[in-house]
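Engineer: To be precise about what I am sending: the file is called entry_36.pdb and holds PDB, C-alpha atoms, pLDDT in the B column.
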ATOM      1  CA  MET A 123     122.197 103.079 107.622  1.00 61.00           C
ATOM      2  CA  LYS A 124     119.652 101.320 109.853  1.00 73.00           C
ATOM      3  CA  PRO A 125     116.625  99.844 108.094  1.00 85.00           C
ATOM      4  CA  TRP A 126     114.366 101.304 110.812  1.00 86.00           C
ATOM      5  CA  VAL A 127     113.807 104.487 112.765  1.00 90.00           C
ATOM      6  CA  ARG A 128     112.882 104.930 116.416  1.00 95.00           C
ATOM      7  CA  MET A 129     109.913 107.181 117.124  1.00 95.00           C
ATOM      8  CA  ARG A 130     108.722 108.692 120.413  1.00 97.00           C
ATOM      9  CA  ARG A 131     105.550 110.268 121.802  1.00 98.00           C
ATOM     10  CA  ASP A 132     106.188 112.756 124.616  1.00 98.00           C
ATOM     11  CA  LEU A 133     103.489 112.109 127.215  1.00 98.00           C
ATOM     12  CA  ALA A 134     103.798 115.619 128.685  1.00 97.00           C
ATOM     13  CA  ILE A 135     101.744 116.658 125.640  1.00 95.00           C
ATOM     14  CA  PRO A 136      98.043 115.912 126.271  1.00 95.00           C
ATOM     15  CA  VAL A 137      96.755 112.742 124.630  1.00 95.00           C
ATOM     16  CA  PRO A 138      93.284 112.812 123.047  1.00 95.00           C
ATOM     17  CA  VAL A 139      90.945 110.028 124.129  1.00 96.00           C
ATOM     18  CA  PRO A 140      90.618 107.110 121.708  1.00 96.00           C
ATOM     19  CA  VAL A 141      87.689 107.190 119.309  1.00 94.00           C
ATOM     20  CA  TRP A 142      86.507 103.711 118.355  1.00 96.00           C
ATOM     21  CA  PRO A 143      84.735 103.427 114.990  1.00 95.00           C
ATOM     22  CA  ALA A 144      81.168 102.134 115.004  1.00 95.00           C
ATOM     23  CA  GLY A 145      81.104  98.350 115.207  1.00 96.00           C
ATOM     24  CA  TYR A 146      84.498  98.078 116.906  1.00 97.00           C
ATOM     25  CA  ARG A 147      85.350  97.899 120.598  1.00 97.00           C
ATOM     26  CA  LEU A 148      88.343  97.599 122.861  1.00 97.00           C
ATOM     27  CA  ALA A 149      88.299  94.143 124.448  1.00 96.00           C
ATOM     28  CA  PRO A 150      90.259  92.516 127.270  1.00 95.00           C
ATOM     29  CA  PHE A 151      93.178  90.232 126.473  1.00 96.00           C
ATOM     30  CA  ALA A 152      93.046  86.513 127.258  1.00 96.00           C
ATOM     31  CA  ILE A 153      95.748  83.883 126.758  1.00 96.00           C
ATOM     32  CA  ALA A 154      93.291  82.089 124.446  1.00 97.00           C
ATOM     33  CA  ASP A 155      93.645  85.082 122.074  1.00 97.00           C
ATOM     34  CA  LEU A 156      97.326  84.345 121.396  1.00 97.00           C
ATOM     35  CA  PRO A 157      96.796  82.191 118.249  1.00 98.00           C
ATOM     36  CA  ALA A 158      94.588  84.877 116.657  1.00 97.00           C
ATOM     37  CA  ILE A 159      97.007  87.644 117.708  1.00 97.00           C
ATOM     38  CA  HIS A 160      99.896  85.689 116.197  1.00 97.00           C
ATOM     39  CA  ASP A 161      97.987  85.087 112.957  1.00 95.00           C
ATOM     40  CA  LEU A 162      97.046  88.768 112.626  1.00 95.00           C
ATOM     41  CA  THR A 163     100.585  89.888 113.433  1.00 94.00           C
ATOM     42  CA  ALA A 164     102.108  87.434 110.950  1.00 93.00           C
ATOM     43  CA  ALA A 165      99.656  88.532 108.242  1.00 89.00           C
ATOM     44  CA  GLY A 166     100.365  92.192 108.932  1.00 85.00           C
ATOM     45  CA  TYR A 167     104.121  91.762 108.833  1.00 83.00           C
ATOM     46  CA  SER A 168     103.917  89.660 105.659  1.00 81.00           C
ATOM     47  CA  LEU A 169     102.926  92.854 103.851  1.00 73.00           C
ATOM     48  CA  GLY A 170     106.269  94.370 104.812  1.00 67.00           C
ATOM     49  CA  GLY A 171     107.891  95.791 107.895  1.00 62.00           C
ATOM     50  CA  GLY A 172     109.214  92.638 109.523  1.00 70.00           C
ATOM     51  CA  SER A 173     108.438  89.011 110.202  1.00 79.00           C
ATOM     52  CA  VAL A 174     107.038  86.840 112.972  1.00 90.00           C
ATOM     53  CA  PRO A 175     108.440  83.468 114.089  1.00 94.00           C
ATOM     54  CA  PRO A 176     106.241  80.346 114.074  1.00 95.00           C
ATOM     55  CA  PHE A 177     103.541  80.346 116.763  1.00 97.00           C
ATOM     56  CA  GLU A 178     105.174  78.064 119.346  1.00 96.00           C
ATOM     57  CA  LYS A 179     108.487  79.943 119.282  1.00 97.00           C
ATOM     58  CA  TRP A 180     106.687  83.326 119.280  1.00 96.00           C
ATOM     59  CA  GLN A 181     104.412  82.373 122.212  1.00 97.00           C
ATOM     60  CA  VAL A 182     107.240  81.037 124.380  1.00 97.00           C
ATOM     61  CA  ALA A 183     109.384  84.124 123.746  1.00 96.00           C
ATOM     62  CA  LEU A 184     106.485  86.512 124.354  1.00 96.00           C
ATOM     63  CA  LEU A 185     105.310  84.977 127.631  1.00 96.00           C
ATOM     64  CA  ALA A 186     108.863  84.547 128.942  1.00 96.00           C
ATOM     65  CA  ASP A 187     109.875  88.138 128.244  1.00 96.00           C
ATOM     66  CA  SER A 188     110.271  90.151 131.443  1.00 97.00           C
ATOM     67  CA  ASP A 189     108.764  93.171 129.650  1.00 97.00           C
ATOM     68  CA  PHE A 190     105.502  91.307 128.859  1.00 97.00           C
ATOM     69  CA  ASP A 191     102.434  92.492 130.774  1.00 97.00           C
ATOM     70  CA  PRO A 192      99.019  91.119 129.744  1.00 97.00           C
ATOM     71  CA  ALA A 193      97.454  94.469 130.716  1.00 97.00           C
ATOM     72  CA  LEU A 194      99.438  96.036 127.867  1.00 98.00           C
ATOM     73  CA  VAL A 195      97.943  93.889 125.123  1.00 98.00           C
ATOM     74  CA  PHE A 196      95.179  96.007 123.600  1.00 98.00           C
ATOM     75  CA  ILE A 197      92.704  94.180 121.379  1.00 98.00           C
ATOM     76  CA  VAL A 198      90.017  95.599 119.126  1.00 98.00           C
ATOM     77  CA  ARG A 199      87.160  93.305 118.144  1.00 97.00           C
ATOM     78  CA  ASP A 200      84.677  93.809 115.353  1.00 97.00           C
ATOM     79  CA  ALA A 201      80.902  93.447 115.718  1.00 96.00           C
ATOM     80  CA  GLY A 202      81.213  89.681 115.163  1.00 96.00           C
ATOM     81  CA  GLY A 203      83.837  89.321 117.887  1.00 96.00           C
ATOM     82  CA  ALA A 204      86.805  88.735 115.591  1.00 95.00           C
ATOM     83  CA  ILE A 205      90.089  90.457 116.388  1.00 97.00           C
ATOM     84  CA  ALA A 206      90.407  93.392 113.997  1.00 97.00           C
ATOM     85  CA  ALA A 207      93.504  95.054 115.475  1.00 97.00           C
ATOM     86  CA  ILE A 208      96.070  94.691 118.235  1.00 98.00           C
ATOM     87  CA  CYS A 209      98.618  96.814 120.009  1.00 98.00           C
ATOM     88  CA  LEU A 210     101.109  94.771 122.015  1.00 98.00           C
ATOM     89  CA  CYS A 211     103.314  96.856 124.298  1.00 98.00           C
ATOM     90  CA  TRP A 212     106.240  96.169 126.567  1.00 98.00           C
ATOM     91  CA  SER A 213     106.144  97.418 130.151  1.00 98.00           C
ATOM     92  CA  SER A 214     109.142  99.641 129.352  1.00 97.00           C
ATOM     93  CA  ALA A 215     106.752 102.023 127.525  1.00 98.00           C
ATOM     94  CA  PHE A 216     107.552 100.518 124.145  1.00 98.00           C
ATOM     95  CA  ILE A 217     105.047  99.555 121.451  1.00 98.00           C
ATOM     96  CA  LYS A 218     106.240  96.196 120.191  1.00 96.00           C
ATOM     97  CA  ASP A 219     103.534  95.488 117.608  1.00 94.00           C
ATOM     98  CA  LEU A 220     100.631  97.460 116.168  1.00 95.00           C
ATOM     99  CA  VAL A 221      98.651  95.621 113.514  1.00 94.00           C
ATOM    100  CA  VAL A 222      95.280  96.343 111.928  1.00 94.00           C
ATOM    101  CA  HIS A 223      93.639  93.675 109.780  1.00 92.00           C
ATOM    102  CA  PRO A 224      93.660  94.764 106.112  1.00 89.00           C
ATOM    103  CA  SER A 225      89.841  94.746 106.021  1.00 90.00           C
ATOM    104  CA  ALA A 226      89.720  97.194 108.956  1.00 92.00           C
ATOM    105  CA  ARG A 227      92.371  99.665 107.819  1.00 90.00           C
ATOM    106  CA  ARG A 228      91.728 103.377 107.283  1.00 91.00           C
ATOM    107  CA  LEU A 229      88.979 103.440 109.937  1.00 95.00           C
ATOM    108  CA  GLY A 230      91.028 104.996 112.731  1.00 95.00           C
ATOM    109  CA  LEU A 231      91.741 101.812 114.694  1.00 97.00           C
ATOM    110  CA  GLY A 232      95.504 102.276 114.619  1.00 96.00           C
ATOM    111  CA  GLU A 233      95.321 105.818 115.929  1.00 96.00           C
ATOM    112  CA  ALA A 234      92.787 104.837 118.596  1.00 97.00           C
ATOM    113  CA  LEU A 235      95.075 102.009 119.750  1.00 98.00           C
ATOM    114  CA  LEU A 236      98.050 104.367 119.902  1.00 98.00           C
ATOM    115  CA  ARG A 237      96.051 106.800 122.017  1.00 98.00           C
ATOM    116  CA  GLN A 238      94.980 103.952 124.320  1.00 98.00           C
ATOM    117  CA  ALA A 239      98.605 102.919 124.764  1.00 98.00           C
ATOM    118  CA  PHE A 240      99.748 106.512 125.360  1.00 98.00           C
ATOM    119  CA  LEU A 241      97.053 107.108 127.991  1.00 98.00           C
ATOM    120  CA  THR A 242      97.840 103.814 129.719  1.00 98.00           C
ATOM    121  CA  PHE A 243     101.544 104.585 129.922  1.00 98.00           C
ATOM    122  CA  ALA A 244     100.860 108.154 131.064  1.00 98.00           C
ATOM    123  CA  ALA A 245      98.693 106.741 133.877  1.00 97.00           C
ATOM    124  CA  ARG A 246     101.606 104.457 134.821  1.00 97.00           C
ATOM    125  CA  GLY A 247     103.909 107.476 135.087  1.00 97.00           C
ATOM    126  CA  ALA A 248     105.906 107.086 131.871  1.00 98.00           C
ATOM    127  CA  ASP A 249     107.391 110.220 130.332  1.00 98.00           C
ATOM    128  CA  ALA A 250     107.281 108.930 126.742  1.00 98.00           C
ATOM    129  CA  VAL A 251     106.374 105.944 124.572  1.00 98.00           C
ATOM    130  CA  ASP A 252     108.716 104.597 121.876  1.00 98.00           C
ATOM    131  CA  LEU A 253     108.519 102.218 118.947  1.00 96.00           C
ATOM    132  CA  LYS A 254     110.593 101.221 115.958  1.00 93.00           C
ATOM    133  CA  VAL A 255     109.321 101.220 112.379  1.00 89.00           C
ATOM    134  CA  GLU A 256     111.082 100.011 109.269  1.00 84.00           C
ATOM    135  CA  LEU A 257     111.922 102.785 106.836  1.00 81.00           C
ATOM    136  CA  ASP A 258     110.460 100.867 103.903  1.00 77.00           C
ATOM    137  CA  ASN A 259     107.239  99.851 105.693  1.00 78.00           C
ATOM    138  CA  PRO A 260     104.638  99.996 102.888  1.00 73.00           C
ATOM    139  CA  THR A 261     101.568 100.349 105.135  1.00 78.00           C
ATOM    140  CA  GLY A 262     101.846 104.061 105.909  1.00 81.00           C
ATOM    141  CA  ALA A 263     102.819 103.296 109.505  1.00 87.00           C
ATOM    142  CA  ARG A 264     105.255 106.199 109.833  1.00 89.00           C
ATOM    143  CA  GLN A 265     102.578 108.665 108.748  1.00 91.00           C
ATOM    144  CA  LEU A 266     100.129 107.156 111.249  1.00 92.00           C
ATOM    145  CA  TYR A 267     102.672 107.517 114.046  1.00 94.00           C
ATOM    146  CA  GLN A 268     103.371 111.118 113.044  1.00 94.00           C
ATOM    147  CA  ARG A 269      99.629 111.935 113.072  1.00 94.00           C
ATOM    148  CA  ALA A 270      99.511 110.495 116.604  1.00 95.00           C
ATOM    149  CA  GLY A 271     102.210 112.927 117.705  1.00 95.00           C
ATOM    150  CA  MET A 272     105.270 110.696 117.450  1.00 96.00           C
ATOM    151  CA  VAL A 273     108.567 112.091 116.208  1.00 96.00           C
ATOM    152  CA  GLU A 274     111.663 110.365 114.892  1.00 94.00           C
ATOM    153  CA  ILE A 275     114.461 110.331 117.450  1.00 94.00           C
ATOM    154  CA  ALA A 276     117.113 108.026 115.971  1.00 66.00           C
TER     155      ALA A 276
END
Take the structure in the file and write it out as structure tokens.

Structural biologist:
Amino acid sequence: MKPWVRMRRDLAIPVPVPVWPAGYRLAPFAIADLPAIHDLTAAGYSLGGGSVPPFEKWQVALLADSDFDPALVFIVRDAGGAIAAICLCWSSAFIKDLVVHPSARRLGLGEALLRQAFLTFAARGADAVDLKVELDNPTGARQLYQRAGMVEIA
């Protein structure tokens, strides 16, 4: 049995607009954000659900990947400007990483980021958005994805 499941959001079903909690905002991606994105991703995955290579290896692989598109890196900043959450997507309509800082969990940032990704891919003409989640992910990720309208497909 696979240790993960693939989930999909059908984009023919209307996507609600993202709702950003007070004190948080969607911010543009910049290459200078990569160290903070890596740190947040590594911290998030250290709680379960995967792992992240060291920064240099991660950065080279990310930027060299033909599926990488800077316009598909969604960043949420808190009132102080720190990165509170990220959603890094591949251009193939695949959510590679979705991580919310532990101090910002349960505020709706994950669902808002999913909606942002769904709307972006719908505007690009995608029929669906996929991701993979580990079956033993302890963060409640599968339930979040289900609330956002994703279903298990394999």

Engineer: Once the PyMOL selection byres ((chain A and resi 269) around 12) has been applied to the shown file, what residues remain in the selection, as a ChimeraX atom specification?

Structural biologist: /A:131,137-138,230,232-234,236-237,262-268,270-273

Engineer: Within 12 Å of (90.2, 93.7, 130.3) (coordinates as in the file), grab all the protein and nucleic acid residues, counting only C-alpha atoms, and write them out as a list in words.

Structural biologist: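 Within the cut-off we find Arg147, Leu148, Ala149, Pro150, Phe151, Ala152, Ile153, Pro192, Ala193, Leu194, Val195, Phe196, Ile197 and Val198 of chain A.
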
Engineer: Evaluate the PyMOL selection byres ((chain A and resi 247-253) around 8) and record the selected residues as a list of chain:residue names, following the chain and residue labels used in the document.

Structural biologist: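 Expected selection for the PyMOL selection byres ((chain A and resi 247-253) around 8) here is A:Arg128, A:Met129, A:Arg130, A:Arg131, A:Asp132, A:Leu133, A:Ala134, A:Ala215, A:Phe216, A:Ile217, A:Lys218, A:Phe240, A:Phe243, A:Ala244, A:Ala245, A:Arg246, A:Lys254, A:Val255.
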
Engineer: For Ser168 of chain A, which residue out of A:Leu257, A:Leu185, A:Ala226, A:Val221 is the nearest one, using all atoms listed in the file?

Structural biologist: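 Of all the options, A:Val221 lies closest to Ser168 of chain A.
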
Engineer: So how many Å separate atom CA of Leu229 of chain A and atom CA of Asn259 of chain A, to one decimal?

Structural biologist: 19.1 Å

Engineer: Which distance in Å separates atom CA of Ala165 of chain A and atom CA of Gly202 of chain A, to one decimal?

Structural biologist: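 So the two atoms, atom CA of Ala165 of chain A and atom CA of Gly202 of chain A, lie 19.7 Å apart.
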
Engineer: Using all atoms listed in the file, which residue out of A:Glu274, A:Trp180, A:Thr163, A:Asp200 lies closest to Glu256 of chain A?

Structural biologist: A:Glu274

Engineer: Hey, which of A:Pro136, A:Gly166, A:Gly145, A:Pro157 ends up closest to Asp219 of chain A? Count only C-alpha atoms.

Structural biologist: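 Under the stated criterion, the closest residue is A:Gly166.
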
Engineer: Excluding His223 of chain A and any residue of its chain fewer than 6 positions from it, enumerate the residues within 7 Å of it, using all atoms listed in the file, and give them as an mmCIF file with C-alpha atoms, in the frame of the given file.

Structural biologist:
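Listing of part08.cif after writing:
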data_model
loop_
_atom_site.group_PDB
_atom_site.id
_atom_site.type_symbol
_atom_site.label_atom_id
_atom_site.label_comp_id
_atom_site.auth_asym_id
_atom_site.auth_seq_id
_atom_site.Cartn_x
_atom_site.Cartn_y
_atom_site.Cartn_z
ATOM 1 C CA LEU A 162 97.046 88.768 112.626
ATOM 2 C CA GLY A 166 100.365 92.192 108.932
ATOM 3 C CA ALA A 206 90.407 93.392 113.997
ATOM 4 C CA ALA A 207 93.504 95.054 115.475
#

Engineer: Using all atoms listed in the file, which residue out of A:Leu241, A:Leu156, A:Val174, A:Ile208 lies closest to Ile135 of chain A?

Structural biologist: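 Comparing A:Leu241, A:Leu156, A:Val174, A:Ile208 against Ile135 of chain A, the winner is A:Leu241.
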
Engineer: Just checking: using only C-alpha atoms, which residue out of A:Gly203, A:Asp187, A:Pro143, A:Ala158 ends up closest to Arg227 of chain A?

Structural biologist: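 Ranked by minimum distance to Arg227 of chain A, first place goes to A:Pro143.
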
Engineer: May I ask for the distance between atom CA of Phe190 of chain A and atom CA of Arg228 of chain A, given in Å to one decimal place?

Structural biologist: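 Separation of atom CA of Phe190 of chain A and atom CA of Arg228 of chain A: 28.3 Å.
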
Engineer: Using all atoms listed in the file, pick whichever of A:Ile205, A:Ala183, A:Leu235, A:Pro175 has the shortest atom-to-atom distance to Leu220 of chain A.

Structural biologist: A:Leu235

Engineer: Can you tell me which residues surround Pro176 of chain A at a distance of at most 10 Å, considering all atoms listed in the file, apart from same-chain residues fewer than 5 positions away, and format the answer as an MDAnalysis selection string?

Structural biologist: chainID A and resid 160:161 164 181

Engineer: Will you model N, CA and C atoms for segment 188-217 of chain A and pass it back as a JSON list (two decimals), in the coordinates of the input?

Structural biologist:
[["chain", "number", "residue", "atom", "x", "y", "z"],
["A", 188, "SER", "N", 110.52, 89.42, 130.20],
["A", 188, "SER", "CA", 110.27, 90.15, 131.44],
["A", 188, "SER", "C", 109.51, 91.46, 131.22],
["A", 189, "ASP", "N", 109.48, 91.94, 129.99],
["A", 189, "ASP", "CA", 108.76, 93.17, 129.65],
["A", 189, "ASP", "C", 107.28, 92.91, 129.30],
["A", 190, "PHE", "N", 106.88, 91.63, 129.21],
["A", 190, "PHE", "CA", 105.50, 91.31, 128.86],
["A", 190, "PHE", "C", 104.57, 91.54, 130.04],
["A", 191, "ASP", "N", 103.48, 92.24, 129.78],
["A", 191, "ASP", "CA", 102.43, 92.49, 130.77],
["A", 191, "ASP", "C", 101.10, 92.32, 130.06],
["A", 192, "PRO", "N", 100.29, 91.34, 130.43],
["A", 192, "PRO", "CA", 99.02, 91.12, 129.74],
["A", 192, "PRO", "C", 98.12, 92.36, 129.71],
["A", 193, "ALA", "N", 98.26, 93.25, 130.69],
["A", 193, "ALA", "CA", 97.45, 94.47, 130.72],
["A", 193, "ALA", "C", 97.85, 95.44, 129.61],
["A", 194, "LEU", "N", 98.96, 95.16, 128.94],
["A", 194, "LEU", "CA", 99.44, 96.04, 127.87],
["A", 194, "LEU", "C", 99.26, 95.42, 126.49],
["A", 195, "VAL", "N", 98.34, 94.46, 126.41],
["A", 195, "VAL", "CA", 97.94, 93.89, 125.12],
["A", 195, "VAL", "C", 96.54, 94.42, 124.85],
["A", 196, "PHE", "N", 96.45, 95.36, 123.92],
["A", 196, "PHE", "CA", 95.18, 96.01, 123.60],
["A", 196, "PHE", "C", 94.61, 95.35, 122.34],
["A", 197, "ILE", "N", 93.37, 94.91, 122.46],
["A", 197, "ILE", "CA", 92.70, 94.18, 121.38],
["A", 197, "ILE", "C", 91.45, 94.93, 120.97],
["A", 198, "VAL", "N", 91.26, 95.04, 119.66],
["A", 198, "VAL", "CA", 90.02, 95.60, 119.13],
["A", 198, "VAL", "C", 89.27, 94.48, 118.41],
["A", 199, "ARG", "N", 88.01, 94.32, 118.78],
["A", 199, "ARG", "CA", 87.16, 93.30, 118.14],
["A", 199, "ARG", "C", 86.10, 93.98, 117.28],
["A", 200, "ASP", "N", 85.74, 93.29, 116.20],
["A", 200, "ASP", "CA", 84.68, 93.81, 115.35],
["A", 200, "ASP", "C", 83.33, 93.37, 115.90],
["A", 201, "ALA", "N", 82.25, 93.74, 115.24],
["A", 201, "ALA", "CA", 80.90, 93.45, 115.72],
["A", 201, "ALA", "C", 80.66, 91.95, 115.86],
["A", 202, "GLY", "N", 81.36, 91.13, 115.08],
["A", 202, "GLY", "CA", 81.21, 89.68, 115.16],
["A", 202, "GLY", "C", 82.12, 89.03, 116.19],
["A", 203, "GLY", "N", 82.96, 89.84, 116.85],
["A", 203, "GLY", "CA", 83.84, 89.32, 117.89],
["A", 203, "GLY", "C", 85.23, 88.95, 117.41],
["A", 204, "ALA", "N", 85.48, 89.06, 116.11],
["A", 204, "ALA", "CA", 86.80, 88.74, 115.59],
["A", 204, "ALA", "C", 87.80, 89.85, 115.94],
["A", 205, "ILE", "N", 89.05, 89.46, 116.11],
["A", 205, "ILE", "CA", 90.09, 90.46, 116.39],
["A", 205, "ILE", "C", 90.39, 91.22, 115.10],
["A", 206, "ALA", "N", 90.18, 92.53, 115.16],
["A", 206, "ALA", "CA", 90.41, 93.39, 114.00],
["A", 206, "ALA", "C", 91.73, 94.13, 114.08],
["A", 207, "ALA", "N", 92.26, 94.32, 115.30],
["A", 207, "ALA", "CA", 93.50, 95.05, 115.48],
["A", 207, "ALA", "C", 94.07, 94.75, 116.86],
["A", 208, "ILE", "N", 95.40, 94.89, 116.95],
["A", 208, "ILE", "CA", 96.07, 94.69, 118.24],
["A", 208, "ILE", "C", 97.19, 95.71, 118.40],
["A", 209, "CYS", "N", 97.45, 96.01, 119.65],
["A", 209, "CYS", "CA", 98.62, 96.81, 120.01],
["A", 209, "CYS", "C", 99.25, 96.11, 121.21],
["A", 210, "LEU", "N", 100.42, 95.51, 120.98],
["A", 210, "LEU", "CA", 101.11, 94.77, 122.02],
["A", 210, "LEU", "C", 102.29, 95.63, 122.47],
["A", 211, "CYS", "N", 102.29, 95.96, 123.75],
["A", 211, "CYS", "CA", 103.31, 96.86, 124.30],
["A", 211, "CYS", "C", 104.15, 96.14, 125.35],
["A", 212, "TRP", "N", 105.37, 96.61, 125.49],
["A", 212, "TRP", "CA", 106.24, 96.17, 126.57],
["A", 212, "TRP", "C", 106.06, 97.11, 127.75],
["A", 213, "SER", "N", 106.31, 96.61, 128.94],
["A", 213, "SER", "CA", 106.14, 97.42, 130.15],
["A", 213, "SER", "C", 107.14, 98.57, 130.24],
["A", 214, "SER", "N", 108.15, 98.56, 129.40],
["A", 214, "SER", "CA", 109.14, 99.64, 129.35],
["A", 214, "SER", "C", 108.67, 100.83, 128.52],
["A", 215, "ALA", "N", 107.36, 100.94, 128.31],
["A", 215, "ALA", "CA", 106.75, 102.02, 127.52],
["A", 215, "ALA", "C", 107.22, 101.96, 126.08],
["A", 216, "PHE", "N", 107.14, 100.76, 125.52],
["A", 216, "PHE", "CA", 107.55, 100.52, 124.14],
["A", 216, "PHE", "C", 106.44, 99.76, 123.43],
["A", 217, "ILE", "N", 106.05, 100.25, 122.26],
["A", 217, "ILE", "CA", 105.05, 99.56, 121.45],
["A", 217, "ILE", "C", 105.78, 98.54, 120.60]]
